[in-house]
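Engineer: Sharing a structure with you now.
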Amino acid sequence: MHPSNVPGTATPSPLTLGTKLSYAVGNVGLQMLIAAMNFMLMIFYTDVALVAPAVAGAALLVGKVWDTVNDPLFGWVTDRTRSRWGRHRVYLIYGAIPLGIAAAAVWMVPPGLSPVAAFLWIAITYTVFDTLMTLVQLPYQAMAANMTTDYDERTSLTAYASMGALIGFFAGSVFMPILVRAAPDARTGYALAGSCFGLIAGVAVAVVAWRVREPQGSAAPTAQTDAPADARPMWDSVRETLRTTLRNRPFLLLMSAATLVRLGLTLVQASLAYFVIYQLQGDKGDLPRYMGTLLGVVGLSLFGWKYVVDRWEKNWAYVLGLVLCAGGLVALYWVGPGDQRMVTGILVVIGIGMGAHWIVPFAMVPDTIDHGHMQAGERQTGMYYGLYGLMDKLARTLATVMVAGMLDVTGYVPNVAQSASALQGITLMTGVLPAVCLVLAIPLLVAYPITRARHAGILSRMGTS
């Protein structure tokens with residue numbers, strides 16, 4: 001049986017251009033929110049809302065403690081969802097508007113809060129946002145794994161989705177500081193920008209819900225691909241599904257590597273504003289230019305990485321990107337005040353390497369899900385993306401907390417020239433420590449076993465079982 005005809009695992013024909021473009025629109029909105037928070041949230045808390053770094057970092061951890069429950073749980077729930085709107089699309093339909101509202105609230109910290117009140121405000125607004133983000137982003141990502149089983153078609157779909165993600169990431173990181181500077185004051189600017197981004201994200205998710213349909217078989221169970229009826233108590237079923245997922249070695253290798261990479265890249269993103277303003281001695285008006293340079297190079301590199309992945313194995317393409325990115329990050333350690341041309345050149349190298357992370361791992365996750373399907377005899381797409389999303393978000397938050405901790409320990413004082421120890425901490429968090437994270441991910445990717453030929457064998461076994 002041809003892979004495209006395996007029941008419930010793929011569409012019977014190649015994905016249309018319209019489907020790929022419509023799916024990519026969702027990433028524009030979702031990644032806009034992620035980028036704004038990665039690049040600007042901590043500096044908003046410390047320099048605008050005037051919340052102590054330790055308080056802000058501790059409040060963000062509350063949401064991540066909840067994530068350890070909600071990501072696997074929601075993954076299990078989506079695997080067992082049955083509705084006339086599909087297994088995953090239903091969450092996009094009902095989650096678009098609440099997500100937009102919660103995203104806006106994150107940027108509306110009232111002035112004059114005590115440390116306890118600030119902690120509670122940040123913890124509540126961020127946890128609500130993060131929960132709704134899980135309810136929307138997890139089903140959105142899981143849809144892609146079921147849209148096609150073709151090894152190279154997945155890379156094509158991922159390339160379109162990555163371009164949408166890049167557009168959103170560019171908008172979130174570049175336009176946020178521009179909108180803030182255009183407002184009468186920074187607090188108002190962040191509130192308005194957050195509201196605009198929330199609205200755009202809600203509309204983008206709604207577009208996917210409107211234009212993209214799940215393959216036949218996702219709304220009702222099939223004997224071969226869907227989780228069977230389970231009479232066990234819910235938590236027993238969740239634990240068993242989780243254990244099954246964690247026995248998938250290729251998935252564990254990929255998830256571990258991608259988590260390390262996410263930790264490293266988020267350290268860069270959370271520290272870059274501090275690096276530009278205090279180490280490079282630029283001003284906040286320089287941020288859009290540097291962020292635009294970095295993300296522009298990432299966007300241009302996607303075409304090159306697509307070419308590489310089509311002709312090479314995915315894990316080795318990922319390794320090459322990490323080597324380039326780590327080399328550029330280490331070079332940032334030697335950047336001094338006013339070295340703007342040097343920083344621009346380094347960001348070009350980092351951007352080329354970073355482009356691999358934007359496309360390759362997201363094309364690899366569905367392959368690992370096929371491997372798990374072959375092992376377990378059932379398809380548990382939601383649980384895989386729940387775990388992957390959990391580790392991704394934990395890495396993002398850990399990076400933000402690490403930056404906050406470094407600022408606190410080294411004596412950072414907002415809006416003034418920094419001490420030598422504070423500058424050293426900022427430089428380490430922007431370059432050297434992220435590079436270490438990327439290097440640690442390389443052995444895991446070298447051990448990753450799914451090649452193009454092995455994936456074809458997996459699909460063949462699924463089709464004849």
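We name chains A, B, ... following the order of the structure tokens; residues begin at 1 in each chain, and ligands are numbered from 1 as shown.
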Need to verify the contact set: Ala49 in chain A, 7 Å, only C-alpha atoms, exclusion of same-chain residues closer than 4 positions in sequence. Can you return it as an MDAnalysis selection string?

Structural biologist: chainID A and resid 44:45 109 111

Engineer: If we count only C-alpha atoms and set the cut-off at 12 Å, which residues sit around Thr155 in chain A, ignoring sequence neighbours fewer than 5 positions away in its own chain? Please answer as number ranges by chain.

Structural biologist: A: 15, 20, 144-145, 148-150, 160-162, 302-303, 305-314, 356, 358-367, 452

Engineer: Which polymer residues have any atom within 8 Å of an atom of Ile350 in chain A, counting only C-alpha atoms, with same-chain residues fewer than 5 positions away left out, as a compact mmCIF listing (two decimals) with N, CA and C atoms, in the first residue's frame?

Structural biologist:
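Dumped to out_7.txt:
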```
# COMPACT_ATOMS: atom_id res chain seq x y z
N LEU A 294 18.87 39.94 11.98
CA LEU A 294 18.92 38.53 12.38
C LEU A 294 17.80 37.73 11.72
N LEU A 324 27.20 26.38 12.92
CA LEU A 324 27.32 27.76 12.46
C LEU A 324 26.81 28.74 13.51
N CYS A 325 25.66 28.44 14.08
CA CYS A 325 25.06 29.34 15.06
C CYS A 325 25.93 29.45 16.31
N ALA A 326 26.44 28.33 16.80
CA ALA A 326 27.27 28.35 18.01
C ALA A 326 28.56 29.15 17.78
N GLY A 327 29.15 29.01 16.60
CA GLY A 327 30.35 29.78 16.30
C GLY A 327 30.10 31.28 16.34
N GLY A 328 28.97 31.72 15.78
CA GLY A 328 28.64 33.14 15.82
C GLY A 328 28.36 33.63 17.23
N LEU A 329 27.70 32.81 18.04
CA LEU A 329 27.38 33.22 19.40
C LEU A 329 28.64 33.39 20.25
```

Engineer: Please identify every residue of range 284-383 of chain A that has at least one atom no farther than 12 Å from an atom of range 24-41 of chain A, counting only C-alpha atoms, and for each give the shortest atom pair and the distance in Å to one decimal, arranged by chain then increasing number, as a Markdown table.

Structural biologist:
```
| residue | atom | partner | partner_atom | distance |
| --- | --- | --- | --- | --- |
| A:Lys284 | CA | A:Met40 | CA | 11.1 |
| A:Leu287 | CA | A:Phe39 | CA | 9.8 |
| A:Pro288 | CA | A:Phe39 | CA | 10.9 |
| A:Tyr290 | CA | A:Phe39 | CA | 11.9 |
| A:Met291 | CA | A:Phe39 | CA | 9.3 |
| A:Leu295 | CA | A:Ala35 | CA | 10.9 |
| A:Trp358 | CA | A:Gln31 | CA | 11.4 |
```

Engineer: So, counting only C-alpha atoms, which residue among A:Met374, A:Ala257, A:Leu252, A:Leu459 is closest to Leu438 in chain A?

Structural biologist: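 Closest candidate: A:Ala257.
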
Engineer: Show me, as a PyMOL selection string, the residues that have an atom within 8 Å of Val55 in chain A when counting only C-alpha atoms, minus same-chain residues fewer than 5 positions from it.

Structural biologist: chain A and resi 115+118-119

Engineer: Limited to N, CA, C and O atoms, could you put the picked residues into a file as a short mmCIF file (atom, residue, chain, number, x, y, z; two decimals), in the first residue's frame?

Structural biologist:
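The resulting part-v8.cif:
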```cif
data_model
loop_
_atom_site.label_atom_id
_atom_site.label_comp_id
_atom_site.auth_asym_id
_atom_site.auth_seq_id
_atom_site.Cartn_x
_atom_site.Cartn_y
_atom_site.Cartn_z
N PRO A 115 5.49 44.35 45.57
CA PRO A 115 6.10 43.13 45.04
C PRO A 115 5.16 41.92 45.05
O PRO A 115 5.14 41.14 44.09
N ALA A 118 2.51 42.49 42.34
CA ALA A 118 3.12 42.33 41.02
C ALA A 118 3.33 40.85 40.70
O ALA A 118 3.09 40.39 39.58
N PHE A 119 3.78 40.10 41.70
CA PHE A 119 3.96 38.66 41.53
C PHE A 119 2.65 37.99 41.14
O PHE A 119 2.59 37.19 40.20
#
```
